[in-house]
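**Q** Input: one structure, supplied below.
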Amino acid sequence: MVEKRVEELLERITVTSRAVCGEDLAGLYVHGSLALGGFCWEHSDIDWLMVSRTAPSQQQKEQLMGELLKLEALAPPKGLEMSWLLWEDCRRMPHPMPFVLHYSPMHRQRCQQDLAAYCAGMNGTDRDLAAHITVVRTACRTLWGPPPEQVFAPVPREAYLDSILYDVEGAEEEIGQSPVDGVLNLCRVLGYLREGKVLSKEQAAHWAQKALPKKDAELARQAWQLHCGCAEAGPHWNEAQLRDFARRMLRQLRGK
């Protein structure tokens, strides 16, 4: 049932994007857990990159965003996240990467309140995109367009490192707000720094069992069980323990 809902949503995203861009659409590439593995309807979002050959008009941006807001009713609870990139930027791979439109649930209220203003102002650069593009080149689901390596130039290692370290730099203060993601993402980053592997959250949890001290490995195991719905949060989830975990992991990351 979950698989059917996901497939229907991806089809709607593809149809909508093609209707908005026409022949200018260069590609649609799903990343995140749907590409790496470990997708869970209750705890995962749907992430994708959209690439066009030329910059979109204001009308195209509003048309796309209007349709995506409608699709949120069909989306997982964590929502949809999309970045619209230009072909020429993907080929030269600057860091941080420019984008012409971005959407995630954190921007939903702004988008609903004034769609035109949101679409006009939501552009710039994003350090996270180096990590997303690395995943796309490593393991992605192509909804439309050629293989990703024909669209995205290789991401320099320094750019990818900056991106993933930036993503977790506030982990000690933020881990209590989203402990499952916080624990698993820290494991993913440390796994890359130690072994050069781009890991899914599931792979990071398994990696932690062999690579981390027993108490940290157990925390990672519990985090993965919670993520995939195999367990409920118990007394082991307390903020002091989580912050201590984040502090020790960040110490290792900063000592890279």
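Identifiers in the structure tokens: chain A, B, ... in order shown; residue index from 1 per chain; ligand index from 1 in order shown.
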Counting only C-alpha atoms, give me one row per residue of range 189-210 of chain A with an atom at most 7 Å from an atom of range 25-48 of chain A, showing the shortest contact pair and its distance in Å to one decimal, sorted by chain then residue number, as CSV.
**A**
residue,atom,partner,partner_atom,distance
A:Ser200,CA,A:Leu36,CA,5.3
A:Lys201,CA,A:Gly38,CA,6.8
A:Glu202,CA,A:Gly38,CA,5.8
**Q** Got a sec: who's within 12 Å of Met65 in chain A, counting only C-alpha atoms, leaving out chain neighbours fewer than 2 positions off, as a PyMOL selection string?
**A** chain A and resi 13+16-17+20+58-63+67-72+80-84+101-104+107-108+110-112+114-120+122
**Q** Write the residues of the selection above to a file with C-alpha atoms, as a JSON list (two decimals), in the first residue's frame.
**A**
[["chain", "number", "residue", "atom", "x", "y", "z"],
["A", 13, "ILE", "CA", 5.39, 15.04, -9.58],
["A", 16, "THR", "CA", 3.41, 18.30, -13.09],
["A", 17, "SER", "CA", 7.06, 19.11, -13.74],
["A", 20, "VAL", "CA", 5.39, 23.33, -16.22],
["A", 58, "GLN", "CA", 7.62, 33.77, -12.37],
["A", 59, "GLN", "CA", 4.52, 32.16, -13.89],
["A", 60, "GLN", "CA", 6.25, 28.77, -14.12],
["A", 61, "LYS", "CA", 7.39, 28.98, -10.51],
["A", 62, "GLU", "CA", 3.90, 29.82, -9.29],
["A", 63, "GLN", "CA", 2.38, 27.06, -11.40],
["A", 67, "GLU", "CA", 0.57, 22.08, -7.81],
["A", 68, "LEU", "CA", 3.07, 20.93, -5.17],
["A", 69, "LEU", "CA", 0.94, 22.44, -2.41],
["A", 70, "LYS", "CA", -1.98, 20.36, -3.68],
["A", 71, "LEU", "CA", 0.19, 17.23, -3.74],
["A", 72, "GLU", "CA", 1.08, 17.63, -0.07],
["A", 80, "LEU", "CA", 8.02, 17.07, 0.17],
["A", 81, "GLU", "CA", 11.35, 18.78, -0.45],
["A", 82, "MET", "CA", 12.40, 20.07, -3.86],
["A", 83, "SER", "CA", 15.17, 22.23, -5.30],
["A", 84, "TRP", "CA", 15.05, 23.59, -8.87],
["A", 101, "LEU", "CA", 13.37, 27.72, -6.42],
["A", 102, "HIS", "CA", 13.21, 25.63, -3.27],
["A", 103, "TYR", "CA", 10.42, 24.19, -1.20],
["A", 104, "SER", "CA", 10.14, 22.21, 2.03],
["A", 107, "HIS", "CA", 8.30, 27.19, 4.11],
["A", 108, "ARG", "CA", 4.69, 26.02, 3.74],
["A", 110, "ARG", "CA", 4.95, 31.57, 3.71],
["A", 111, "CYS", "CA", 4.09, 29.88, 0.45],
["A", 112, "GLN", "CA", 0.40, 29.63, 1.29],
["A", 114, "ASP", "CA", 1.68, 34.85, -0.57],
["A", 115, "LEU", "CA", 2.58, 32.46, -3.37],
["A", 116, "ALA", "CA", 3.81, 35.19, -5.74],
["A", 117, "ALA", "CA", 6.13, 36.76, -3.17],
["A", 118, "TYR", "CA", 7.46, 33.38, -2.13],
["A", 119, "CYS", "CA", 8.26, 32.35, -5.69],
["A", 120, "ALA", "CA", 9.89, 35.70, -6.45],
["A", 122, "MET", "CA", 12.96, 31.93, -2.92]]
**Q** Quick one: residues within 10 Å of Ile175 in chain A, only C-alpha atoms, excluding same-chain residues fewer than 2 positions away - as a ChimeraX atom specification?
**A** /A:168,170-173,177-183,186,239,242-243,245-246
**Q** Just write the chosen residues, all heavy atoms, as a short mmCIF file (atom, residue, chain, number, x, y, z; two decimals), in the first residue's frame.
**A**
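Written out: selection38.cif:
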data_model
loop_
_atom_site.label_atom_id
_atom_site.label_comp_id
_atom_site.auth_asym_id
_atom_site.auth_seq_id
_atom_site.Cartn_x
_atom_site.Cartn_y
_atom_site.Cartn_z
N VAL A 168 25.31 19.13 10.28
CA VAL A 168 25.25 18.62 11.66
C VAL A 168 25.93 19.54 12.67
O VAL A 168 26.03 19.19 13.84
CB VAL A 168 25.90 17.21 11.74
CG1 VAL A 168 25.15 16.22 10.87
CG2 VAL A 168 27.38 17.23 11.39
N GLY A 170 25.06 22.07 14.29
CA GLY A 170 24.25 22.45 15.44
C GLY A 170 23.64 21.27 16.16
O GLY A 170 22.68 21.43 16.93
N ALA A 171 24.19 20.08 15.96
CA ALA A 171 23.56 18.86 16.46
C ALA A 171 23.42 18.83 17.97
O ALA A 171 22.42 18.35 18.50
CB ALA A 171 24.35 17.63 15.99
N GLU A 172 24.39 19.34 18.69
CA GLU A 172 24.32 19.27 20.15
C GLU A 172 23.12 20.03 20.69
O GLU A 172 22.45 19.58 21.63
CB GLU A 172 25.61 19.82 20.78
CG GLU A 172 25.65 19.64 22.29
CD GLU A 172 26.96 20.11 22.91
OE1 GLU A 172 27.93 20.35 22.15
OE2 GLU A 172 27.01 20.24 24.15
N GLU A 173 22.80 21.17 20.10
CA GLU A 173 21.66 21.97 20.55
C GLU A 173 20.35 21.48 19.96
O GLU A 173 19.29 21.64 20.57
CB GLU A 173 21.85 23.44 20.15
CG GLU A 173 23.01 24.15 20.85
CD GLU A 173 24.37 23.73 20.32
OE1 GLU A 173 24.45 23.34 19.13
OE2 GLU A 173 25.35 23.75 21.09
N GLN A 177 15.29 17.93 19.41
CA GLN A 177 14.10 18.23 18.61
C GLN A 177 13.78 17.11 17.63
O GLN A 177 12.61 16.85 17.33
CB GLN A 177 14.32 19.53 17.84
CG GLN A 177 14.62 20.73 18.73
CD GLN A 177 15.11 21.92 17.92
OE1 GLN A 177 14.84 22.02 16.72
NE2 GLN A 177 15.82 22.83 18.56
N SER A 178 14.81 16.44 17.12
CA SER A 178 14.62 15.34 16.16
C SER A 178 15.70 14.29 16.42
O SER A 178 16.66 14.15 15.65
CB SER A 178 14.71 15.87 14.73
OG SER A 178 14.43 14.87 13.79
N PRO A 179 15.55 13.54 17.52
CA PRO A 179 16.63 12.65 17.95
C PRO A 179 16.97 11.54 16.97
O PRO A 179 18.14 11.21 16.80
CB PRO A 179 16.12 12.08 19.28
CG PRO A 179 14.66 12.32 19.29
CD PRO A 179 14.44 13.56 18.48
N VAL A 180 15.98 10.95 16.33
CA VAL A 180 16.26 9.85 15.41
C VAL A 180 17.12 10.33 14.25
O VAL A 180 18.17 9.75 13.94
CB VAL A 180 14.95 9.22 14.89
CG1 VAL A 180 15.23 8.23 13.77
CG2 VAL A 180 14.21 8.52 16.03
N ASP A 181 16.69 11.40 13.58
CA ASP A 181 17.48 11.95 12.48
C ASP A 181 18.84 12.43 12.97
O ASP A 181 19.87 12.24 12.30
CB ASP A 181 16.74 13.12 11.82
CG ASP A 181 15.58 12.65 10.96
OD1 ASP A 181 15.51 11.46 10.64
OD2 ASP A 181 14.72 13.49 10.63
N GLY A 182 18.87 13.06 14.14
CA GLY A 182 20.12 13.58 14.66
C GLY A 182 21.16 12.50 14.89
O GLY A 182 22.32 12.63 14.49
N VAL A 183 20.75 11.41 15.53
CA VAL A 183 21.67 10.31 15.81
C VAL A 183 22.17 9.68 14.51
O VAL A 183 23.38 9.49 14.30
CB VAL A 183 21.00 9.25 16.70
CG1 VAL A 183 21.85 7.97 16.76
CG2 VAL A 183 20.78 9.80 18.10
N LEU A 186 24.52 11.94 12.31
CA LEU A 186 25.88 12.03 12.85
C LEU A 186 26.68 10.77 12.51
O LEU A 186 27.86 10.85 12.17
CB LEU A 186 25.83 12.24 14.36
CG LEU A 186 25.48 13.66 14.82
CD1 LEU A 186 25.10 13.67 16.29
CD2 LEU A 186 26.64 14.62 14.56
N GLU A 239 17.32 13.84 26.93
CA GLU A 239 18.08 14.86 26.21
C GLU A 239 19.53 14.92 26.65
O GLU A 239 20.42 15.18 25.84
CB GLU A 239 17.42 16.23 26.37
CG GLU A 239 18.06 17.27 25.47
CD GLU A 239 17.14 18.44 25.17
OE1 GLU A 239 15.94 18.36 25.47
OE2 GLU A 239 17.65 19.43 24.62
N LEU A 242 21.38 12.27 24.75
CA LEU A 242 21.48 12.63 23.34
C LEU A 242 22.51 13.74 23.11
O LEU A 242 23.31 13.67 22.18
CB LEU A 242 20.11 13.07 22.82
CG LEU A 242 19.05 11.98 22.70
CD1 LEU A 242 17.67 12.60 22.49
CD2 LEU A 242 19.38 11.02 21.56
N ARG A 243 22.48 14.74 23.97
CA ARG A 243 23.44 15.85 23.82
C ARG A 243 24.87 15.37 24.06
O ARG A 243 25.80 15.82 23.39
CB ARG A 243 23.08 16.98 24.78
CG ARG A 243 21.82 17.75 24.35
CD ARG A 243 21.40 18.75 25.43
NE ARG A 243 22.37 19.82 25.57
CZ ARG A 243 22.30 20.98 24.94
NH1 ARG A 243 21.30 21.22 24.11
NH2 ARG A 243 23.20 21.91 25.14
N PHE A 245 25.96 12.33 23.42
CA PHE A 245 26.30 11.61 22.19
C PHE A 245 26.72 12.59 21.10
O PHE A 245 27.76 12.42 20.45
CB PHE A 245 25.10 10.78 21.74
CG PHE A 245 25.26 10.15 20.38
CD1 PHE A 245 25.93 8.95 20.23
CD2 PHE A 245 24.71 10.76 19.25
CE1 PHE A 245 26.08 8.37 18.97
CE2 PHE A 245 24.85 10.18 18.00
CZ PHE A 245 25.53 8.98 17.86
N ALA A 246 25.91 13.62 20.89
CA ALA A 246 26.21 14.60 19.84
C ALA A 246 27.53 15.31 20.11
O ALA A 246 28.33 15.53 19.19
CB ALA A 246 25.08 15.62 19.74
#
**Q** When DSSP is applied to the backbone of this structure, which of range 63-168 of chain A are assigned strand (DSSP E or B)? Write them out as a list in words.
**A**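 Matching residues, listed in order: Leu80, Glu81, Met82, Ser83, Trp84, Leu85, Leu86, Met97, Pro98, Phe99, Leu101, His102, Tyr103, Gly124, Thr125, Asp126, Arg141, Thr142, Leu143 and Trp144 of chain A.
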**Q** Export N, CA, C and O atoms of the chosen residues as a CSV table (one decimal), in the first residue's frame?
**A**
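Result file follows (selection.csv):
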chain,number,residue,atom,x,y,z
A,80,LEU,N,7.3,17.0,1.4
A,80,LEU,CA,8.0,17.1,0.2
A,80,LEU,C,9.1,18.1,0.3
A,80,LEU,O,9.0,19.2,0.8
A,81,GLU,N,10.3,17.8,-0.4
A,81,GLU,CA,11.4,18.8,-0.5
A,81,GLU,C,11.9,18.8,-1.9
A,81,GLU,O,12.3,17.7,-2.4
A,82,MET,N,12.0,19.9,-2.5
A,82,MET,CA,12.4,20.1,-3.9
A,82,MET,C,13.3,21.3,-4.0
A,82,MET,O,13.1,22.3,-3.4
A,83,SER,N,14.3,21.1,-4.9
A,83,SER,CA,15.2,22.2,-5.3
A,83,SER,C,15.2,22.2,-6.8
A,83,SER,O,15.4,21.2,-7.4
A,84,TRP,N,15.0,23.4,-7.4
A,84,TRP,CA,15.0,23.6,-8.9
A,84,TRP,C,16.4,24.2,-9.2
A,84,TRP,O,16.7,25.3,-8.8
A,85,LEU,N,17.2,23.5,-10.1
A,85,LEU,CA,18.5,23.9,-10.4
A,85,LEU,C,18.6,24.2,-12.0
A,85,LEU,O,17.7,23.7,-12.7
A,86,LEU,N,19.6,24.9,-12.4
A,86,LEU,CA,19.8,25.1,-13.8
A,86,LEU,C,20.9,24.2,-14.3
A,86,LEU,O,21.9,24.0,-13.6
A,97,MET,N,25.9,25.7,-4.2
A,97,MET,CA,25.2,25.6,-5.5
A,97,MET,C,24.0,26.5,-5.5
A,97,MET,O,23.2,26.6,-4.6
A,98,PRO,N,23.9,27.3,-6.6
A,98,PRO,CA,22.7,28.2,-6.8
A,98,PRO,C,21.4,27.3,-7.1
A,98,PRO,O,21.5,26.2,-7.6
A,99,PHE,N,20.3,27.9,-6.7
A,99,PHE,CA,19.0,27.3,-7.0
A,99,PHE,C,18.1,28.4,-7.4
A,99,PHE,O,18.2,29.6,-7.0
A,101,LEU,N,14.6,27.9,-7.2
A,101,LEU,CA,13.4,27.7,-6.4
A,101,LEU,C,13.6,26.6,-5.5
A,101,LEU,O,14.2,25.6,-5.8
A,102,HIS,N,13.1,26.7,-4.3
A,102,HIS,CA,13.2,25.6,-3.3
A,102,HIS,C,11.9,25.6,-2.5
A,102,HIS,O,11.3,26.6,-2.2
A,103,TYR,N,11.6,24.3,-2.1
A,103,TYR,CA,10.4,24.2,-1.2
A,103,TYR,C,10.7,23.0,-0.2
A,103,TYR,O,11.2,22.0,-0.6
A,124,GLY,N,18.7,31.6,-4.5
A,124,GLY,CA,19.9,31.9,-3.9
A,124,GLY,C,20.9,30.7,-4.0
A,124,GLY,O,21.0,30.1,-5.1
A,125,THR,N,21.7,30.5,-2.9
A,125,THR,CA,22.6,29.3,-2.9
A,125,THR,C,22.3,28.5,-1.7
A,125,THR,O,21.8,29.0,-0.7
A,126,ASP,N,22.7,27.2,-1.7
A,126,ASP,CA,22.4,26.3,-0.6
A,126,ASP,C,23.6,25.3,-0.5
A,126,ASP,O,23.9,24.6,-1.4
A,141,ARG,N,17.0,7.8,-8.0
A,141,ARG,CA,15.9,7.3,-8.8
A,141,ARG,C,15.6,8.4,-9.9
A,141,ARG,O,15.2,9.5,-9.5
A,142,THR,N,15.8,8.1,-11.1
A,142,THR,CA,15.6,9.1,-12.2
A,142,THR,C,14.1,9.0,-12.6
A,142,THR,O,13.7,8.0,-13.1
A,143,LEU,N,13.4,10.1,-12.4
A,143,LEU,CA,12.0,10.2,-12.8
A,143,LEU,C,11.9,10.6,-14.3
A,143,LEU,O,11.0,10.3,-15.0
A,144,TRP,N,12.9,11.5,-14.7
A,144,TRP,CA,12.9,12.0,-16.1
A,144,TRP,C,14.3,12.5,-16.4
A,144,TRP,O,15.0,13.0,-15.6
**Q** How many Å separate CA of Gly66 in chain A from CA of Arg18 in chain A?
**A** 14.5 Å
**Q** Fewer than 3 positions away in the same chain doesn't count, so skip those; otherwise give me all residues within 12 Å of Leu165 in chain A, counting only C-alpha atoms, as a list in words.
**A**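 Counting only the stated atoms, we get Arg127, Asp128, Ala130, Ala131, Glu158, Ala159, Tyr160, Leu161, Asp162, Val168, Glu169, Gly170, Ala171, Asn185, Leu186, Cys187, Arg188, Val189, Leu190, Tyr192, Leu193, Met249, Leu250, Arg251, Gln252, Leu253, Arg254, Gly255 and Lys256 of chain A.
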**Q** Range 14-227 of chain A: which residues are helix (DSSP H, G or I) by DSSP, as a PyMOL selection string?
**A** chain A and resi 14-24+33-36+58-74+87-92+105-113+115-121+129-138+148-150+157-168+171-174+179-195+201-211+214-227
**Q** When you draw a straight line from CA of Phe152 in chain A to CA of Ile133 in chain A, how long is it in Å?
**A**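 Between CA of Phe152 in chain A and CA of Ile133 in chain A the gap is 7.3 Å.
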